[in-house]
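Here the structure comes first, spelled out in C-alpha cells, and everything after it is commentary.
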Amino acid sequence: MKLVKNAAGRIVPNEVNGRKEVPFKGINEHKPFGYKAKPLIKTCIDYPLSGNKLVKNLKDALRKCGLKDGMTISTHHHLRNGDNLTNIIFDTIHSMGIKNVRWFPSASFSVHEHLIKYLEDGTIHHIEGSMNGPLGKYTSEGKMKGIGVLRSHGGRYQAVQDGEVHIDIAIIAAPTADAFGNSNGVTGKSASGLISFSLVDSEYADNVIVVTDNLIQFPCIPWQIQGNNVDYVVEIDSLGDTKKIVSGTTEITKSPDRLLIAEYVAQFIEESGIMKNGFSFQAGSGGTNLAFVLFLKDRMKAKGIKARFVRGGSTKYLVQLLEEGLTDYILDGQTFDLDGIRSMRENPNHINTSPFTSYNFHGKGNFASIVDVAVLGATEVDINFNANVVSHSDGYLLHGIGGWQNCLYSKCTILAVPSFRDRIPVIIDDVTTLCGPGELIDVIITERGIAINPKRKDLISIMKYSSLPIKSIEQIRDEVYSICGGIPTKPKLNKEKIVAIVKWVDGTILDSIFQVL
C-alpha cells in the first residue's frame with residue numbers, strides 16, 4: 001500500500017483491503033468507462049413451482065446459499081437502533097464456524113455493538129458501511145483487522161452497480177413478505193416505511209434471503225423488493241424492537257440557539273428567492289432541520305407558496321406539508337416516524353424512492369441535482385467551506401455519511417450548524433476529516449452569523465441588504481475561537497495507521513481516517 005496526496009490535498013492509500021483504489025481527482029473529474037456488474041443468471045425451474053421459497057431457519061438458508069469463509073454479507077439499516085436481525089445473522093454465521101466475512105451494511109447503529117466480539121474473533125474481517133457509535137470507536141482505536149470503508153447511500157449503490165463490491169449473500173429484513181419473496185416495509189408490526197436501500201442488494205447479489213416477522217399470503221402488496229430476485233424466505237418471531245425502529249414523535253429542538261439557526265434558514269430561503277411556487281427542498285430528521293421546516297411552512301402559507309416536491313427522510317412535518325396542500329409530492333428516501341409510514345402506505349403522492357433514483361452518481365442523472373435547496377448538518381466546517389460529518393474534533397469516527405454527500409449536488413446547499421458544541425468550535429481552520437469539498441457547499445448558517453461561499457456571487461448580491469447577520473466565514477471562526485478560548489487542540493492521531501477511508505460519490509478516495517492515540 002502506497003500513500004499519495006489526492007486533489008483535495010489529503011493523504012490517502014492507493015490500495016485498501018487488497019483492492020487497488022483511485023485517489024480523489026476533483027469534483028466531476030473521474031469518469032470511469034465500462035459496463036455495470038453482471039448478476040448471476042438463475043432459472044425459475046430451480047425454484048418451487050408453487051412459489052413457496054420458505055425454508056425452516058436462517059442457518060438453513062445460509063447453507064443453501066453456500067456460505068463460506070471470506071464472503072461479503074450485506075444488510076440494510078431501516079430497522080435502525082431496533083435491529084435485532086443483524087445480530088442474529090452474525091450469531092448464526094459465528095455458530096457455523098465462518099471467518100473473515102466482509103460486512104456490507106447500508107448503515108450500522110449502536111445496537112450493533114454486539115458485533116464487536118465477532119470483529120475480535122475474526123468472524124468479521126472489516127466493515128464497509130457507516131460505523132456509528134461503539135463500532136466507530138472500536139474502528140478509530142485501530143482494532144479492526146481490515147480498513148473500514150465509508151460510502152454515501154448513493155456511493156453504496158454505485159459501488160455494487162460498478163462491480164467495486166460484489167455481494168455474495170444479501171439478507172433483507174422485511175417487515176412484511178410473502179413466501180415468494182415479495183416484500184415491503186410499510187405494513188407489519190416492524191414497519192419501517194420502506195426498504196429500498198436494499199434494492200441494489202436484491203438486484204446484484206448472488207444470493208438473496210428475505211427475513212420477515214409478518215409472512216402473508218401471496219401477493220404482498222405493495223412490493224418494494226420483488227420476489228423474482230429472492231432465493232429464500234425465512235420467518236422469525238421478531239425483526240427487532242419496534243419502539244426503536246421508528247418514533248411516534250420526532251422531537252423539534254428546544255435549544256434557543258438552534259431554533260434561531262432554523263429561523264435564519266427559513267428566512268434565507270425566502271429572501272434569496274429560492275422559496276417560490278414549484279420550488280423543492282430536502283430536509284432531514286435532526287431537531288434543527290425539523291424546526292426549519294415549520295418556520296418555512298409558515299412563510300409558504302403567508303405567501304401562498306406551494307412546493308412541487310420535498311425530499312426526505314420523511315417526518316410528520318413533511319407529511320403535514322403534503323396533507324395541507326403545500327407540496328405536490330414527498331419523494332422519500334427513508335421514513336423516520338409513524339406519520340411518515342402511514343402517509344407512505346396511504347397517500348399515492350408519498351413516493352418510495354431508492355438510492356438509484358435519488359443519489360447514484362453513475363446514473364443518467366439523479367434527483368439530487370434537481371433539488372433547489374438542501375439543508376444539512378455537519379460535525380465540523382472549515383474556513384474553506386469543507387465539511388466533516390463522520391468524525392468529531394477528537395478524531396473519533398462516530399457517524400455515517402448517509403445521503404449527505406449526494407445532497408451536496410443540490411442547487412443550493414446550506415449547512416445549518418451551531419458555531420460550537422460543548423465549548424468546542426465547529427467552525428475551524430481545517431476539518432479533521434474531509435467528507436464534502438467546500439466548492440459544493442454554498443452557505444453556512446450558525447446562531448452567530450451566516451457565511452456565503454465567495455463563489456456564490458449571485459447569493460451575495462441578492463442578500464446584500466438583508467437583515468440577516470451576513471458575515472465572512474473567518475469572522476465567525478474568530479468569534480468562536482474567542483468564546484471557546486482560542487484555537488482548538490488537534491486530535492492525537494497515528495499517521496502511520498489508516499483505520500478507515502472516506503469515499504467520494506464517484507468511488508474515488510476523498511480522505512483517510514487515522515488511528516486515535
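By order in the C-alpha cells, chains are A, B, ...; within a chain, residues start at 1; ligands start at 1, following the order shown.
With only C-alpha atoms taken into account, the protein and nucleic acid residues at most 6 Å from range 410-419 of chain A (excluding it and anything under 5 positions from it in its own chain) are Ala368, Ser369, Val371, Asp372, Val373, Ala374, Val375, Leu376, Gly377, Val426, Ile427, Ile441, Asp442, Val443, Ile444, Ile445 and Thr446 of chain A.
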task: From range 211-403 of chain A, collect each residue whose DSSP state is strand (DSSP E or B) and return the set as an MDAnalysis selection string.
output: chainID A and resid 211:212 215:216 225 232:235 240 247 280:282 307:314 327:335 337 350:352 373:376 380:382 387:388 391 397
- prompt: Contacts of Leu135 in chain A at 12 Å or less, counting only C-alpha atoms, minus same-chain residues fewer than 3 places along, as an MDAnalysis selection string?
  reply: chainID A and resid 107:120 126:132 138:144 148 396:400 499:500
Selection above as a file: C-alpha atoms, as a JSON list (two decimals), in the first residue's frame:
[["chain", "number", "residue", "atom", "x", "y", "z"],
["A", 107, "ALA", "CA", -25.56, 1.73, 7.92],
["A", 108, "SER", "CA", -24.93, 0.49, 11.45],
["A", 109, "PHE", "CA", -26.26, 1.64, 14.82],
["A", 110, "SER", "CA", -25.35, 1.40, 18.49],
["A", 111, "VAL", "CA", -27.34, -1.84, 18.76],
["A", 112, "HIS", "CA", -24.63, -3.47, 16.65],
["A", 113, "GLU", "CA", -22.07, -3.13, 19.44],
["A", 114, "HIS", "CA", -22.95, -6.83, 19.83],
["A", 115, "LEU", "CA", -20.81, -7.50, 16.76],
["A", 116, "ILE", "CA", -17.53, -6.25, 18.26],
["A", 117, "LYS", "CA", -16.84, -9.72, 19.62],
["A", 118, "TYR", "CA", -17.08, -11.08, 16.08],
["A", 119, "LEU", "CA", -14.64, -8.45, 14.83],
["A", 120, "GLU", "CA", -12.29, -9.54, 17.59],
["A", 126, "HIS", "CA", -13.92, -5.48, 8.33],
["A", 127, "ILE", "CA", -16.93, -3.26, 7.72],
["A", 128, "GLU", "CA", -17.73, -1.38, 4.53],
["A", 129, "GLY", "CA", -20.54, 0.86, 5.67],
["A", 130, "SER", "CA", -21.11, 3.50, 8.31],
["A", 131, "MET", "CA", -19.58, 2.71, 11.68],
["A", 132, "ASN", "CA", -21.69, 4.56, 14.20],
["A", 138, "TYR", "CA", -13.66, 0.42, 18.01],
["A", 139, "THR", "CA", -12.51, 1.23, 14.47],
["A", 140, "SER", "CA", -10.91, 4.55, 15.47],
["A", 141, "GLU", "CA", -8.80, 2.80, 18.07],
["A", 142, "GLY", "CA", -7.27, 0.66, 15.33],
["A", 143, "LYS", "CA", -8.75, -2.64, 16.50],
["A", 144, "MET", "CA", -10.44, -3.77, 13.28],
["A", 148, "GLY", "CA", -13.19, 0.38, 7.12],
["A", 396, "TYR", "CA", -13.19, 9.51, 16.73],
["A", 397, "LEU", "CA", -15.33, 8.06, 13.96],
["A", 398, "LEU", "CA", -18.88, 8.12, 15.33],
["A", 399, "HIS", "CA", -21.25, 8.80, 12.42],
["A", 400, "GLY", "CA", -22.07, 7.57, 8.94],
["A", 499, "VAL", "CA", -8.27, 2.67, 10.09],
["A", 500, "ALA", "CA", -10.87, 3.75, 7.51]]
task: Could you give me, as a ChimeraX atom specification, the residues within 9 Å of Asn494 in chain A, counting only C-alpha atoms and dropping anything in the same chain fewer than 3 positions from it?
output: /A:497-498,514-517
task: Taking the chain letters and numbering used in this document, name the residues of range 280-484 of chain A that DSSP puts in helix (DSSP H, G or I), as JSON, numbers by chain.
output: {"A": [287, 288, 289, 290, 291, 292, 293, 294, 295, 296, 297, 298, 299, 300, 301, 302, 303, 316, 317, 318, 319, 320, 321, 322, 323, 338, 339, 340, 341, 342, 343, 344, 345, 346, 355, 356, 357, 358, 367, 368, 369, 370, 404, 405, 406, 407, 438, 439, 440, 457, 458, 459, 460, 461, 462, 473, 474, 475, 476, 477, 478, 479, 480, 481, 482, 483, 484]}
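For the pair CA of Thr72 in chain A and CA of Asp168 in chain A, the separation is 5.3 Å.
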- prompt: Leaving out Asp237 in chain A and any residue of its chain fewer than 6 positions from it, which residues lie within 12 Å of it when counting only C-alpha atoms, given as a ChimeraX atom specification?
  reply: /A:57,84-85,88,175,189-190,211-215
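Closest approach to Tyr204 in chain A among A:Glu324, A:Glu439, A:Asp178, A:Asp162: A:Asp162, based on only C-alpha atoms.
The environment of Pro348 in chain A within 9 Å, counting only C-alpha atoms and disregarding residues fewer than 4 places along the same chain, consists of Tyr329, Ser343 and Met344 of chain A.
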May I have the residues from that selection written out with N, CA and C atoms, as a compact mmCIF listing (two decimals), in the first residue's frame?
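Saved file again_16.txt follows:
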# COMPACT_ATOMS: atom_id res chain seq x y z
N TYR A 329 -45.73 16.47 -3.84
CA TYR A 329 -45.18 15.14 -3.57
C TYR A 329 -44.16 15.17 -2.44
N SER A 343 -48.38 7.76 5.99
CA SER A 343 -48.54 8.52 4.75
C SER A 343 -48.07 7.73 3.54
N MET A 344 -46.91 7.07 3.67
CA MET A 344 -46.41 6.29 2.54
C MET A 344 -47.37 5.15 2.20
Can you write out as a tab-separated table which residues of range 341-447 of chain A fall within 10 Å of range 4-26 of chain A, alongside each residue's closest atom pair and its distance in Å to one decimal, counting only C-alpha atoms and ordering rows by chain and ascending residue number?
residue	atom	partner	partner_atom	distance
A:Thr433	CA	A:Arg10	CA	9.2
A:Leu434	CA	A:Arg10	CA	8.2
A:Pro437	CA	A:Ala8	CA	7.7
Take the residues that were just selected and, keeping C-alpha atoms, output them as a PDB file, in the first residue's frame.
ATOM      1  CA  THR A 433     -11.937  14.505   8.150  1.00  0.00           C
ATOM      2  CA  LEU A 434     -12.964  15.745   4.717  1.00  0.00           C
ATOM      3  CA  PRO A 437     -15.413  19.619  -0.643  1.00  0.00           C
TER       4      PRO A 437
END
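Near Lys471 in chain A, within 12 Å and counting only C-alpha atoms, sit A:Val443, A:Ile444, A:Ile445, A:Thr446, A:Glu447, A:Arg448, A:Gly449, A:Ile450, A:Ala451, A:Ile452, A:Asn453, A:Pro454, A:Ile460, A:Met463, A:Lys464, A:Ser466, A:Ser467, A:Leu468, A:Pro469, A:Ile473, A:Glu474, A:Gln475, A:Ile476, A:Arg477, A:Asp478, A:Glu479; same-chain residues fewer than 2 positions away were not included.
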For the selection just defined, write its residues with C-alpha atoms to a file, as a compact mmCIF listing (two decimals), in the first residue's frame.
# COMPACT_ATOMS: atom_id res chain seq x y z
CA VAL A 443 -24.00 28.67 2.78
CA ILE A 444 -23.08 28.09 6.44
CA ILE A 445 -25.78 29.19 8.89
CA THR A 446 -24.93 29.43 12.58
CA GLU A 447 -26.51 31.27 15.51
CA ARG A 448 -23.62 33.77 15.35
CA GLY A 449 -23.91 34.59 11.68
CA ILE A 450 -24.31 33.40 8.10
CA ALA A 451 -21.40 32.86 5.73
CA ILE A 452 -21.97 32.65 1.97
CA ASN A 453 -19.32 30.90 -0.09
CA PRO A 454 -17.45 33.61 -2.07
CA ILE A 460 -24.01 37.52 -2.04
CA MET A 463 -28.57 39.08 0.24
CA LYS A 464 -26.54 42.32 0.33
CA SER A 466 -30.76 41.51 4.15
CA SER A 467 -31.40 41.99 7.86
CA LEU A 468 -29.76 38.62 8.44
CA PRO A 469 -26.28 38.69 10.04
CA ILE A 473 -16.57 32.55 7.50
CA GLU A 474 -13.35 33.92 9.04
CA GLN A 475 -15.33 36.38 11.16
CA ILE A 476 -17.48 33.59 12.56
CA ARG A 477 -14.41 31.44 13.21
CA ASP A 478 -12.66 34.24 15.06
CA GLU A 479 -15.71 34.91 17.24
